[in-house]
$ cat start-v1.cif   # mmCIF, C-alpha atoms
data_start
#
loop_
_atom_site.label_atom_id
_atom_site.label_comp_id
_atom_site.auth_asym_id
_atom_site.auth_seq_id
_atom_site.Cartn_x
_atom_site.Cartn_y
_atom_site.Cartn_z
CA MET A 1 19.06 -1.11 -9.47
CA PRO A 2 17.22 -0.19 -12.66
CA ALA A 3 14.77 2.68 -12.91
CA LEU A 4 10.99 2.21 -12.71
CA LYS A 5 9.06 3.89 -15.52
CA ILE A 6 5.35 4.61 -15.24
CA GLY A 7 4.46 6.60 -18.33
CA ASP A 8 6.65 9.70 -18.33
CA LEU A 9 7.47 9.28 -14.63
CA VAL A 10 10.90 7.78 -13.99
CA ALA A 11 11.82 6.67 -10.48
CA LYS A 12 15.58 6.20 -10.14
CA ILE A 13 15.08 2.98 -8.20
CA PRO A 14 12.30 0.39 -8.76
CA ILE A 15 10.81 0.71 -5.27
CA ILE A 16 7.37 2.00 -4.34
CA GLN A 17 6.84 2.55 -0.62
CA GLY A 18 3.50 0.99 0.25
CA GLY A 19 0.75 3.32 1.42
CA MET A 20 0.07 2.37 5.03
CA GLY A 21 -2.90 3.65 7.00
CA VAL A 22 -4.00 4.80 9.39
CA GLY A 23 -1.33 7.51 9.55
CA ILE A 24 1.70 5.23 9.19
CA SER A 25 2.85 6.69 5.87
CA LEU A 26 2.28 10.42 5.65
CA SER A 27 4.41 13.28 4.28
CA ASN A 28 7.51 12.52 6.36
CA LEU A 29 8.00 8.94 5.15
CA ALA A 30 6.75 9.56 1.62
CA SER A 31 9.07 12.51 1.05
CA ALA A 32 12.07 10.62 2.47
CA VAL A 33 11.51 7.73 0.04
CA ALA A 34 10.98 10.10 -2.90
CA LYS A 35 14.22 11.91 -2.03
CA GLU A 36 16.11 8.62 -2.35
CA GLY A 37 14.72 7.99 -5.83
CA GLY A 38 11.78 5.73 -5.03
CA ILE A 39 8.06 6.53 -5.11
CA GLY A 40 6.84 7.77 -1.73
CA VAL A 41 3.19 7.17 -0.91
CA ILE A 42 0.81 8.91 1.50
CA ALA A 43 -2.07 6.78 2.81
CA ALA A 44 -5.39 8.62 2.63
CA ALA A 45 -7.43 6.35 4.94
CA MET A 46 -8.55 8.40 7.98
CA ILE A 47 -5.70 10.81 7.31
CA GLY A 48 -7.52 13.50 9.29
CA MET A 49 -7.47 11.53 12.53
CA SER A 50 -5.76 14.35 14.42
CA GLU A 51 -8.07 17.08 13.15
CA PRO A 52 -10.34 18.63 15.83
CA ASP A 53 -13.50 17.93 13.81
CA ILE A 54 -12.71 14.33 12.84
CA ALA A 55 -15.68 13.00 14.85
CA THR A 56 -18.15 15.68 13.77
CA ASP A 57 -17.17 16.26 10.13
CA SER A 58 -14.77 13.50 9.14
CA ASP A 59 -15.04 14.19 5.40
CA ALA A 60 -13.85 17.78 5.75
CA ALA A 61 -11.17 16.75 8.26
CA ASN A 62 -9.78 14.08 5.93
CA ILE A 63 -9.74 16.35 2.86
CA ARG A 64 -8.02 19.14 4.79
CA ALA A 65 -5.38 16.76 6.15
CA LEU A 66 -4.77 15.16 2.75
CA ARG A 67 -4.12 18.56 1.16
CA ARG A 68 -1.75 19.47 3.97
CA GLU A 69 0.23 16.22 3.79
CA ILE A 70 0.62 16.39 0.00
CA ARG A 71 1.81 19.99 0.25
CA LYS A 72 4.22 19.21 3.10
CA ALA A 73 5.71 16.34 1.10
CA ARG A 74 6.05 18.57 -1.97
CA GLU A 75 7.94 21.16 0.09
CA ARG A 76 10.48 18.51 1.08
CA THR A 77 11.19 16.80 -2.23
CA LYS A 78 11.01 17.11 -5.99
CA GLY A 79 10.77 13.32 -6.22
CA ILE A 80 7.77 11.21 -7.20
CA LEU A 81 4.86 11.18 -4.76
CA GLY A 82 1.73 9.05 -4.69
CA VAL A 83 -1.44 8.69 -2.64
CA ASN A 84 -3.05 5.38 -1.69
CA ILE A 85 -6.86 5.64 -1.72
CA MET A 86 -8.93 2.57 -0.86
CA VAL A 87 -11.96 2.02 -3.10
CA ALA A 88 -13.95 1.00 -0.02
CA LEU A 89 -13.58 4.42 1.62
CA THR A 90 -16.92 6.23 1.74
CA ASN A 91 -15.24 9.49 0.69
CA PHE A 92 -13.22 7.84 -2.10
CA ALA A 93 -14.35 10.26 -4.82
CA ASP A 94 -13.51 13.39 -2.79
CA LEU A 95 -10.09 12.04 -1.90
CA VAL A 96 -9.36 11.27 -5.56
CA ARG A 97 -10.48 14.73 -6.68
CA THR A 98 -8.40 16.39 -3.97
CA SER A 99 -5.28 14.40 -4.87
CA ILE A 100 -5.62 15.34 -8.52
CA GLU A 101 -6.23 19.01 -7.65
CA GLU A 102 -3.02 18.96 -5.60
CA GLY A 103 -1.07 17.59 -8.58
CA ILE A 104 -0.17 14.22 -7.07
CA ASP A 105 1.98 12.12 -9.39
CA VAL A 106 0.28 8.75 -8.85
CA ILE A 107 -2.94 7.43 -7.33
CA PHE A 108 -2.73 3.84 -6.09
CA SER A 109 -6.11 2.28 -5.43
CA GLY A 110 -7.08 -1.11 -4.02
CA ALA A 111 -9.45 -2.69 -1.45
CA GLY A 112 -11.93 -3.13 -4.27
CA LEU A 113 -11.75 -2.55 -8.01
CA PRO A 114 -11.48 1.15 -8.99
CA LEU A 115 -13.76 0.61 -11.99
CA ASP A 116 -14.42 4.30 -12.69
CA LEU A 117 -11.17 5.91 -11.56
CA PRO A 118 -10.30 7.47 -14.97
CA LYS A 119 -13.47 9.56 -14.96
CA TYR A 120 -11.83 11.93 -12.47
CA LEU A 121 -9.05 12.88 -14.89
CA LYS A 122 -9.45 16.07 -16.87
CA GLU A 123 -7.58 17.18 -19.97
CA GLY A 124 -4.06 18.27 -19.14
CA ILE A 125 -3.92 16.28 -15.90
CA ASN A 126 -0.86 14.06 -15.69
CA THR A 127 -1.67 12.04 -12.58
CA LYS A 128 -1.01 8.33 -13.16
CA LEU A 129 -3.64 5.76 -12.15
CA VAL A 130 -2.39 2.48 -10.71
CA PRO A 131 -4.84 -0.15 -9.39
CA ILE A 132 -3.73 -2.56 -6.68
CA ILE A 133 -4.93 -6.06 -7.56
CA SER A 134 -4.42 -9.68 -6.54
CA SER A 135 -5.21 -11.62 -9.71
CA ALA A 136 -4.90 -11.68 -13.50
CA ARG A 137 -8.70 -11.70 -13.67
CA ALA A 138 -8.87 -8.34 -11.90
CA ALA A 139 -6.29 -6.93 -14.32
CA LYS A 140 -8.37 -8.04 -17.32
CA ILE A 141 -11.59 -6.61 -15.87
CA LEU A 142 -10.02 -3.21 -15.24
CA CYS A 143 -8.27 -3.02 -18.61
CA LYS A 144 -11.46 -3.90 -20.48
CA ARG A 145 -13.59 -1.50 -18.44
CA TRP A 146 -11.21 1.44 -18.60
CA LEU A 147 -10.53 1.08 -22.32
CA ALA A 148 -14.20 0.59 -23.21
CA ARG A 149 -15.57 3.45 -21.10
CA PHE A 150 -12.71 5.91 -20.95
CA ASN A 151 -10.29 4.88 -23.73
CA TYR A 152 -7.66 4.75 -20.99
CA ALA A 153 -5.42 1.84 -20.01
CA PRO A 154 -4.05 1.57 -16.45
CA ASP A 155 -0.67 3.26 -16.14
CA ALA A 156 0.61 0.26 -14.15
CA PHE A 157 -0.61 -2.46 -11.81
CA VAL A 158 0.58 -3.23 -8.31
CA VAL A 159 0.05 -6.96 -7.76
CA GLU A 160 -0.24 -7.71 -4.05
CA GLY A 161 0.34 -11.28 -2.92
CA PRO A 162 -0.92 -13.01 0.25
CA MET A 163 2.20 -12.26 2.34
CA ALA A 164 1.31 -8.57 2.53
CA GLY A 165 0.33 -6.73 5.68
CA GLY A 166 -3.02 -5.14 6.32
CA HIS A 167 -6.15 -6.06 4.40
CA LEU A 168 -5.67 -8.83 1.86
CA GLY A 169 -7.46 -9.41 -1.42
CA PHE A 170 -7.77 -13.14 -0.80
CA LYS A 171 -10.12 -15.52 0.93
CA LYS A 172 -8.74 -16.88 4.18
CA GLU A 173 -8.18 -20.36 2.73
CA GLN A 174 -6.20 -18.91 -0.20
CA ILE A 175 -3.60 -17.12 1.90
CA GLY A 176 -1.41 -20.17 2.53
CA ASN A 177 -2.20 -21.88 -0.77
CA PRO A 178 0.86 -21.97 -3.10
CA ASP A 179 -1.45 -21.54 -6.11
CA PHE A 180 -1.98 -17.94 -4.94
CA ALA A 181 1.66 -17.15 -4.14
CA LEU A 182 3.02 -13.91 -5.57
CA GLU A 183 5.52 -15.88 -7.66
CA ARG A 184 2.53 -17.51 -9.42
CA ILE A 185 0.42 -14.38 -9.79
CA ILE A 186 3.06 -12.04 -11.27
CA PRO A 187 3.64 -14.00 -14.52
CA GLU A 188 -0.13 -14.47 -14.89
CA VAL A 189 -0.79 -10.74 -14.65
CA ILE A 190 2.08 -9.89 -17.03
CA ASP A 191 0.59 -12.29 -19.60
CA ALA A 192 -2.94 -10.98 -19.00
CA VAL A 193 -2.05 -7.34 -19.74
CA GLN A 194 -0.16 -7.97 -22.98
CA PRO A 195 -3.22 -7.82 -25.27
CA PHE A 196 -4.16 -4.49 -23.69
CA VAL A 197 -0.64 -3.15 -24.16
CA ALA A 198 -1.05 -3.91 -27.85
CA GLU A 199 -4.55 -2.43 -27.97
CA SER A 200 -3.71 0.79 -26.13
CA GLY A 201 -0.22 1.27 -27.51
CA LYS A 202 1.19 2.07 -24.07
CA ALA A 203 3.27 0.09 -21.61
CA ILE A 204 1.51 -1.29 -18.52
CA PRO A 205 4.27 -2.14 -16.04
CA VAL A 206 3.53 -4.70 -13.35
CA VAL A 207 4.84 -4.15 -9.81
CA ALA A 208 5.28 -7.00 -7.30
CA ALA A 209 4.07 -6.47 -3.72
CA GLY A 210 3.51 -8.47 -0.55
CA GLY A 211 6.42 -10.16 1.21
CA VAL A 212 9.17 -8.34 -0.73
CA TYR A 213 11.87 -7.92 1.90
CA THR A 214 15.43 -8.00 0.51
CA GLY A 215 17.39 -6.79 -2.48
CA ALA A 216 17.53 -10.42 -3.57
CA ASP A 217 13.72 -10.45 -3.59
CA ILE A 218 13.75 -7.38 -5.82
CA CYS A 219 16.17 -9.13 -8.18
CA LYS A 220 13.92 -12.22 -8.27
CA TYR A 221 10.74 -10.37 -9.19
CA LEU A 222 12.44 -8.15 -11.77
CA ALA A 223 13.86 -11.30 -13.38
CA MET A 224 10.27 -12.60 -13.63
CA GLY A 225 9.33 -9.55 -15.66
CA ALA A 226 8.08 -7.19 -12.94
CA ALA A 227 9.04 -3.56 -13.50
CA GLY A 228 9.48 -2.87 -9.79
CA VAL A 229 8.37 -3.76 -6.29
CA GLN A 230 6.23 -2.25 -3.57
CA MET A 231 7.46 -2.55 0.01
CA GLY A 232 5.59 -1.57 3.16
CA THR A 233 6.87 -3.48 6.18
CA ARG A 234 10.53 -2.52 5.63
CA PHE A 235 9.65 1.18 5.74
CA VAL A 236 7.80 0.98 9.07
CA ALA A 237 11.02 0.43 11.00
CA THR A 238 12.60 3.66 9.76
CA HIS A 239 13.23 6.89 11.63
CA GLU A 240 11.17 8.77 9.05
CA CYS A 241 8.06 6.60 9.35
CA ASP A 242 5.16 8.70 10.65
CA ALA A 243 4.12 6.19 13.34
CA ALA A 244 5.09 6.45 17.01
CA LEU A 245 8.26 4.75 18.22
CA GLU A 246 6.17 2.17 20.13
CA PHE A 247 4.54 1.11 16.86
CA LYS A 248 7.92 0.61 15.20
CA GLN A 249 9.26 -1.29 18.20
CA ALA A 250 6.36 -3.74 17.88
CA PHE A 251 7.91 -4.78 14.56
CA VAL A 252 11.38 -5.12 16.06
CA ALA A 253 10.01 -7.25 18.91
CA ALA A 254 7.73 -9.45 16.77
CA ARG A 255 8.42 -13.17 16.45
CA GLN A 256 7.36 -15.30 13.51
CA ASP A 257 4.47 -16.84 15.43
CA ASP A 258 3.19 -13.36 16.37
CA LEU A 259 2.01 -12.75 12.81
CA MET A 260 -1.65 -13.66 12.58
CA ILE A 261 -4.60 -13.45 10.20
CA ILE A 262 -7.57 -11.56 11.59
CA GLU A 263 -11.13 -11.04 10.42
CA SER A 264 -11.35 -7.30 9.92
CA PRO A 265 -14.57 -5.36 10.54
CA VAL A 266 -14.35 -4.20 6.91
CA GLY A 267 -15.12 -7.73 5.74
CA MET A 268 -11.65 -8.76 4.59
CA PRO A 269 -8.94 -10.91 6.18
CA GLY A 270 -5.90 -8.99 7.33
CA ARG A 271 -2.42 -9.73 8.69
CA ALA A 272 -1.38 -8.14 11.98
CA ILE A 273 1.00 -8.54 14.92
CA ARG A 274 -0.63 -10.45 17.78
CA ASN A 275 -1.12 -8.42 20.96
CA GLN A 276 -3.49 -8.32 23.93
CA PHE A 277 -6.02 -6.20 22.06
CA LEU A 278 -6.40 -8.84 19.34
CA VAL A 279 -6.42 -11.66 21.90
CA ASP A 280 -9.31 -9.91 23.69
CA VAL A 281 -11.18 -9.55 20.41
CA LYS A 282 -10.71 -13.25 19.63
CA GLU A 283 -11.90 -14.24 23.09
CA GLY A 284 -15.03 -12.11 22.77
CA LYS A 285 -14.07 -9.62 25.46
CA ARG A 286 -14.98 -6.64 23.28
CA LYS A 287 -18.55 -5.70 22.48
CA PRO A 288 -20.20 -3.90 19.54
CA PHE A 289 -19.87 -0.13 19.61
CA LYS A 290 -21.34 3.02 18.11
CA CYS A 291 -19.60 4.00 14.86
CA PRO A 292 -18.47 7.66 14.84
CA TYR A 293 -16.89 7.73 11.37
CA HIS A 294 -18.64 5.49 8.77
CA CYS A 295 -15.33 5.60 6.90
CA VAL A 296 -15.43 2.23 5.09
CA SER A 297 -18.50 1.22 3.10
CA THR A 298 -18.01 -2.52 3.73
CA CYS A 299 -17.69 -2.22 7.53
CA ASP A 300 -20.48 -3.94 9.48
CA HIS A 301 -20.25 -1.65 12.50
CA ASN A 302 -23.47 -3.00 14.01
CA LYS A 303 -21.83 -6.37 14.64
CA SER A 304 -18.15 -5.54 14.91
CA PRO A 305 -16.56 -5.70 18.38
CA TYR A 306 -14.35 -2.69 17.67
CA CYS A 307 -13.86 0.28 15.34
CA ILE A 308 -10.91 -0.49 13.10
CA ALA A 309 -10.27 3.20 12.41
CA PHE A 310 -10.15 3.93 16.13
CA ALA A 311 -7.90 0.90 16.78
CA LEU A 312 -5.45 1.87 14.04
CA MET A 313 -5.43 5.51 15.19
CA HIS A 314 -4.46 4.38 18.69
CA ALA A 315 -1.77 2.11 17.28
CA LYS A 316 -0.24 4.86 15.14
CA LYS A 317 0.09 6.99 18.27
CA GLY A 318 1.77 4.11 20.13
CA ASN A 319 -1.21 3.18 22.32
CA LEU A 320 -1.25 -0.53 21.47
CA LYS A 321 -3.42 -1.39 24.48
CA HIS A 322 -6.31 0.01 22.46
CA GLY A 323 -5.19 -0.99 18.97
CA PHE A 324 -2.90 -3.17 16.90
CA ALA A 325 -0.33 -3.03 14.11
CA PHE A 326 -0.95 -4.40 10.65
CA ALA A 327 2.25 -6.00 9.29
CA GLY A 328 3.53 -8.18 6.47
CA GLN A 329 4.48 -11.83 6.96
CA ASN A 330 8.18 -10.93 7.10
CA ALA A 331 7.81 -8.38 9.90
CA TYR A 332 9.52 -10.76 12.35
CA ARG A 333 12.74 -10.32 10.34
CA VAL A 334 12.95 -6.64 11.32
CA ASP A 335 15.65 -6.29 13.98
CA ARG A 336 16.34 -2.56 14.19
CA ILE A 337 15.14 0.88 13.23
CA LEU A 338 17.23 2.67 10.61
CA SER A 339 16.97 5.60 8.21
CA VAL A 340 15.30 5.41 4.80
CA LYS A 341 18.68 6.20 3.21
CA GLU A 342 20.33 3.31 5.07
CA LEU A 343 17.51 0.93 4.15
CA ILE A 344 17.61 1.74 0.44
CA HIS A 345 21.42 1.62 0.38
CA GLY A 346 21.28 -1.83 1.97
CA LEU A 347 18.66 -3.04 -0.51
CA ALA A 348 20.82 -1.80 -3.39
CA GLU A 349 23.84 -3.70 -2.04
CA GLU A 350 21.76 -6.87 -1.64
CA TYR A 351 20.40 -6.44 -5.14
CA ALA A 352 23.91 -6.07 -6.57
CA ALA A 353 25.08 -9.19 -4.70
CA ALA A 354 22.11 -11.24 -5.94
CA CYS A 355 22.03 -10.06 -9.55
CA GLY A 356 24.49 -10.53 -12.36
CA VAL A 357 24.90 -8.30 -15.40
CA GLY A 358 21.60 -6.93 -16.66
CA GLY A 359 19.69 -7.82 -13.52
CA VAL A 360 19.80 -11.58 -14.11
CA PRO A 361 19.98 -13.57 -10.85
CA ALA A 362 23.54 -14.78 -10.25
CA SER A 363 22.29 -18.36 -9.89
CA ALA A 364 20.53 -18.32 -13.30
#

$ encode --input "start-v1.cif" --output "structure tokens"
Amino acid sequence: MPALKIGDLVAKIPIIQGGMGVGISLSNLASAVAKEGGIGVIAAAMIGMSEPDIATDSDAANIRALRREIRKARERTKGILGVNIMVALTNFADLVRTSIEEGIDVIFSGAGLPLDLPKYLKEGINTKLVPIISSARAAKILCKRWLARFNYAPDAFVVEGPMAGGHLGFKKEQIGNPDFALERIIPEVIDAVQPFVAESGKAIPVVAAGGVYTGADICKYLAMGAAGVQMGTRFVATHECDAALEFKQAFVAARQDDLMIIESPVGMPGRAIRNQFLVDVKEGKRKPFKCPYHCVSTCDHNKSPYCIAFALMHAKKGNLKHGFAFAGQNAYRVDRILSVKELIHGLAEEYAAACGVGGVPASA
């Protein structure tokens, strides 16, 4: 597979491991992916969930845990490491500053438009800034804003389609609409950024995400002009994933009709694996609660029947009676747990089988 270049960063393979919270992708998974030549990503959302003061001083707990996870990952690999920081997090700014202080290679930021992200960069800082978006319109808005206010173009874009797991940047009725399929959005975003490439004089690679499952998928999106892909679901069912074994086994056991769209307390639709917890929520068997964290600015905790941070914390630890697993639409295709090395080797073999010389699909 070809390399993925984001500025002066060069990943040997064009794969970014998606940042998965709460606690699904931490230093163990991120460093394993970086070792194999991809970009490993630590998810910052409620990263301090195991800290003793998470309920009394969640901001300090999350910052402390983020520093520790970045440093642990750095001790394990010299590869490229990123952090995923949701715009909607109430401590977004502190998490960004901490990541930059720790010398993280890339900040990926979605769940809202990171309109002012470049303001955190100081002279001499080489951290790359990569927004996660779902439309060409969002790409244009960010390019215009960043260039006008900061004279800085995005270092890349991750374009996440409606087959992704977790929170989705689409309205519920758009998720199954072919007009919003990733195959449609990728060429639109590539076209949208070209004027800004010319204006800024720097490349703005576009990365395809959401439903990317096989090496043949990677070949397809690279042939469309994408510079790489982001994959989350495939990396859950690996030995190195930071989630409990029970969480990973939920992916192995999932059937196609178990994948469902939920209304998240944070005000966005999300894709998850159906279980009794989510059935109880749908049937109204859970009641509003007191919010201990105030971690997401868009969360309506006064009306929500459950705390999403608490539910995802339970799930990460394998207690799925009190939580649930976010997952991509292709999660039902997962049939075993394997190592990151095995997964990437398999993807490379599939890519080689699907692509002809120069990365052109064999059927082209």

$ closest_residue --input "start-v1.cif" --among "A:Ile47, A:Cys219, A:Leu343, A:Ile141" --to "His239 in chain A" --atoms "all atoms listed in the file"
A:Leu343

$ resolve_selection --input "start-v1.cif" --expression "the PyMOL selection byres ((chain A and resi 86) around 6)" --output "list of chain:residue names"
A:Ile85, A:Val87, A:Ala88, A:Leu89, A:Ser109, A:Gly110, A:Ala111

$ resolve_selection --input "start-v1.cif" --expression "the PyMOL selection byres ((chain A and resi 144) around 12)" --output "PDB file with C-alpha atoms, in the coordinates of the input"
ATOM      1  CA  LEU A 115     -13.760   0.610 -11.990  1.00  0.00           C
ATOM      2  CA  ASP A 116     -14.420   4.300 -12.690  1.00  0.00           C
ATOM      3  CA  ARG A 137      -8.700 -11.700 -13.670  1.00  0.00           C
ATOM      4  CA  ALA A 138      -8.870  -8.340 -11.900  1.00  0.00           C
ATOM      5  CA  ALA A 139      -6.290  -6.930 -14.320  1.00  0.00           C
ATOM      6  CA  LYS A 140      -8.370  -8.040 -17.320  1.00  0.00           C
ATOM      7  CA  ILE A 141     -11.590  -6.610 -15.870  1.00  0.00           C
ATOM      8  CA  LEU A 142     -10.020  -3.210 -15.240  1.00  0.00           C
ATOM      9  CA  CYS A 143      -8.270  -3.020 -18.610  1.00  0.00           C
ATOM     10  CA  ARG A 145     -13.590  -1.500 -18.440  1.00  0.00           C
ATOM     11  CA  TRP A 146     -11.210   1.440 -18.600  1.00  0.00           C
ATOM     12  CA  LEU A 147     -10.530   1.080 -22.320  1.00  0.00           C
ATOM     13  CA  ALA A 148     -14.200   0.590 -23.210  1.00  0.00           C
ATOM     14  CA  ARG A 149     -15.570   3.450 -21.100  1.00  0.00           C
ATOM     15  CA  PHE A 150     -12.710   5.910 -20.950  1.00  0.00           C
ATOM     16  CA  ASN A 151     -10.290   4.880 -23.730  1.00  0.00           C
ATOM     17  CA  TYR A 152      -7.660   4.750 -20.990  1.00  0.00           C
ATOM     18  CA  ALA A 153      -5.420   1.840 -20.010  1.00  0.00           C
ATOM     19  CA  PRO A 154      -4.050   1.570 -16.450  1.00  0.00           C
ATOM     20  CA  ALA A 192      -2.940 -10.980 -19.000  1.00  0.00           C
ATOM     21  CA  VAL A 193      -2.050  -7.340 -19.740  1.00  0.00           C
ATOM     22  CA  PRO A 195      -3.220  -7.820 -25.270  1.00  0.00           C
ATOM     23  CA  PHE A 196      -4.160  -4.490 -23.690  1.00  0.00           C
ATOM     24  CA  VAL A 197      -0.640  -3.150 -24.160  1.00  0.00           C
ATOM     25  CA  GLU A 199      -4.550  -2.430 -27.970  1.00  0.00           C
ATOM     26  CA  SER A 200      -3.710   0.790 -26.130  1.00  0.00           C
TER      27      SER A 200
END

$ closest_residue --input "start-v1.cif" --among "A:Val334, A:Val206, A:Leu66, A:Leu347" --to "Pro131 in chain A" --atoms "all atoms listed in the file"
A:Val206

$ resolve_selection --input "start-v1.cif" --expression "the PyMOL selection byres ((chain A and resi 330) around 10)" --output "list in words"
Met163, Ala164, Gly165, Gly210, Gly211, Val212, Tyr213, Thr233, Arg234, Phe251, Ala254, Arg255, Gln256, Leu259, Ala327, Gly328, Gln329, Ala331, Tyr332, Arg333 and Val334 of chain A

$ closest_residue --input "start-v1.cif" --among "A:Gly215, A:Gly21, A:Pro118, A:Gly82" --to "Met313 in chain A" --atoms "only C-alpha atoms"
A:Gly21

$ closest_atom_pairs --input "start-v1.cif" --of "range 202-272 of chain A" --to "range 2-15 of chain A" --cutoff "10 Å" --atoms "only C-alpha atoms" --output "Markdown table"
| residue | atom | partner | partner_atom | distance |
| --- | --- | --- | --- | --- |
| A:Lys202 | CA | A:Gly7 | CA | 8.0 |
| A:Ala203 | CA | A:Gly7 | CA | 7.4 |
| A:Ile204 | CA | A:Ile6 | CA | 7.8 |
| A:Pro205 | CA | A:Ile6 | CA | 6.9 |
| A:Val206 | CA | A:Ile6 | CA | 9.7 |
| A:Val207 | CA | A:Pro14 | CA | 8.8 |
| A:Ala208 | CA | A:Ile15 | CA | 9.7 |
| A:Ala209 | CA | A:Ile15 | CA | 10.0 |
| A:Ile218 | CA | A:Pro14 | CA | 8.4 |
| A:Leu222 | CA | A:Pro14 | CA | 9.1 |
| A:Ala226 | CA | A:Pro14 | CA | 9.6 |
| A:Ala227 | CA | A:Leu4 | CA | 6.1 |
| A:Gly228 | CA | A:Pro14 | CA | 4.4 |
| A:Val229 | CA | A:Ile15 | CA | 5.2 |
| A:Gln230 | CA | A:Ile15 | CA | 5.7 |
| A:Met231 | CA | A:Ile15 | CA | 7.1 |

$ closest_residue --input "start-v1.cif" --among "A:Asp191, A:Glu283, A:Asp179, A:Asp94" --to "Arg67 in chain A" --atoms "all atoms listed in the file"
A:Asp94

$ closest_residue --input "start-v1.cif" --among "A:Val281, A:Ile186, A:Leu338, A:Ala198" --to "Cys307 in chain A" --atoms "all atoms listed in the file"
A:Val281

$ closest_residue --input "start-v1.cif" --among "A:Cys355, A:Ala30, A:Met49, A:Ala250" --to "Gly79 in chain A" --atoms "all atoms listed in the file"
A:Ala30

$ atom_distance --input "start-v1.cif" --atom1 "CA of Gly19 in chain A" --atom2 "CA of Ile42 in chain A"
5.6 Å

$ axis_aligned_box --input "start-v1.cif" --around "range 331-350 of chain A" --padding-each-side "5 Å" --output "lines of an AutoDock Vina configuration file"
center_x = 15.8
center_y = -2.3
center_z = 5.4
size_x = 26.0
size_y = 27.0
size_z = 27.6

$ atom_distance --input "start-v1.cif" --atom1 "CA of Ala244 in chain A" --atom2 "CA of Gly48 in chain A"
16.4 Å

$ residues_around --input "start-v1.cif" --residues "Ile24 in chain A" --least-positions-apart "4" --cutoff "8 Å" --atoms "all atoms listed in the file" --output "MDAnalysis selection string"
chainID A and resid 20 43 236 241:243 316

$ build_atoms --input "start-v1.cif" --residues "range 338-353 of chain A" --atoms "N, CA and C atoms" --output "mmCIF file, in the frame of the given file"
data_model
loop_
_atom_site.group_PDB
_atom_site.id
_atom_site.type_symbol
_atom_site.label_atom_id
_atom_site.label_comp_id
_atom_site.auth_asym_id
_atom_site.auth_seq_id
_atom_site.Cartn_x
_atom_site.Cartn_y
_atom_site.Cartn_z
ATOM 1 N N LEU A 338 16.165 1.977 11.312
ATOM 2 C CA LEU A 338 17.230 2.670 10.610
ATOM 3 C C LEU A 338 16.632 3.763 9.729
ATOM 4 N N SER A 339 17.469 4.524 9.051
ATOM 5 C CA SER A 339 16.970 5.600 8.210
ATOM 6 C C SER A 339 16.536 5.044 6.849
ATOM 7 N N VAL A 340 15.707 5.797 6.154
ATOM 8 C CA VAL A 340 15.300 5.410 4.800
ATOM 9 C C VAL A 340 16.518 5.302 3.900
ATOM 10 N N LYS A 341 17.451 6.238 4.022
ATOM 11 C CA LYS A 341 18.680 6.200 3.210
ATOM 12 C C LYS A 341 19.454 4.910 3.466
ATOM 13 N N GLU A 342 19.607 4.541 4.740
ATOM 14 C CA GLU A 342 20.330 3.310 5.070
ATOM 15 C C GLU A 342 19.608 2.085 4.506
ATOM 16 N N LEU A 343 18.294 2.068 4.635
ATOM 17 C CA LEU A 343 17.510 0.930 4.150
ATOM 18 C C LEU A 343 17.684 0.757 2.652
ATOM 19 N N ILE A 344 17.517 1.832 1.900
ATOM 20 C CA ILE A 344 17.610 1.740 0.440
ATOM 21 C C ILE A 344 19.031 1.406 0.002
ATOM 22 N N HIS A 345 20.027 1.958 0.696
ATOM 23 C CA HIS A 345 21.420 1.620 0.380
ATOM 24 C C HIS A 345 21.656 0.128 0.597
ATOM 25 N N GLY A 346 21.129 -0.409 1.692
ATOM 26 C CA GLY A 346 21.280 -1.830 1.970
ATOM 27 C C GLY A 346 20.588 -2.700 0.937
ATOM 28 N N LEU A 347 19.391 -2.285 0.525
ATOM 29 C CA LEU A 347 18.660 -3.040 -0.510
ATOM 30 C C LEU A 347 19.431 -3.040 -1.825
ATOM 31 N N ALA A 348 20.039 -1.897 -2.154
ATOM 32 C CA ALA A 348 20.820 -1.800 -3.390
ATOM 33 C C ALA A 348 22.032 -2.731 -3.342
ATOM 34 N N GLU A 349 22.688 -2.803 -2.190
ATOM 35 C CA GLU A 349 23.840 -3.700 -2.040
ATOM 36 C C GLU A 349 23.409 -5.158 -2.162
ATOM 37 N N GLU A 350 22.270 -5.497 -1.543
ATOM 38 C CA GLU A 350 21.760 -6.870 -1.640
ATOM 39 C C GLU A 350 21.375 -7.204 -3.075
ATOM 40 N N TYR A 351 20.777 -6.238 -3.751
ATOM 41 C CA TYR A 351 20.400 -6.440 -5.140
ATOM 42 C C TYR A 351 21.636 -6.720 -5.995
ATOM 43 N N ALA A 352 22.676 -5.907 -5.796
ATOM 44 C CA ALA A 352 23.910 -6.070 -6.570
ATOM 45 C C ALA A 352 24.551 -7.434 -6.302
ATOM 46 N N ALA A 353 24.491 -7.894 -5.050
ATOM 47 C CA ALA A 353 25.080 -9.190 -4.700
ATOM 48 C C ALA A 353 24.289 -10.346 -5.317
#
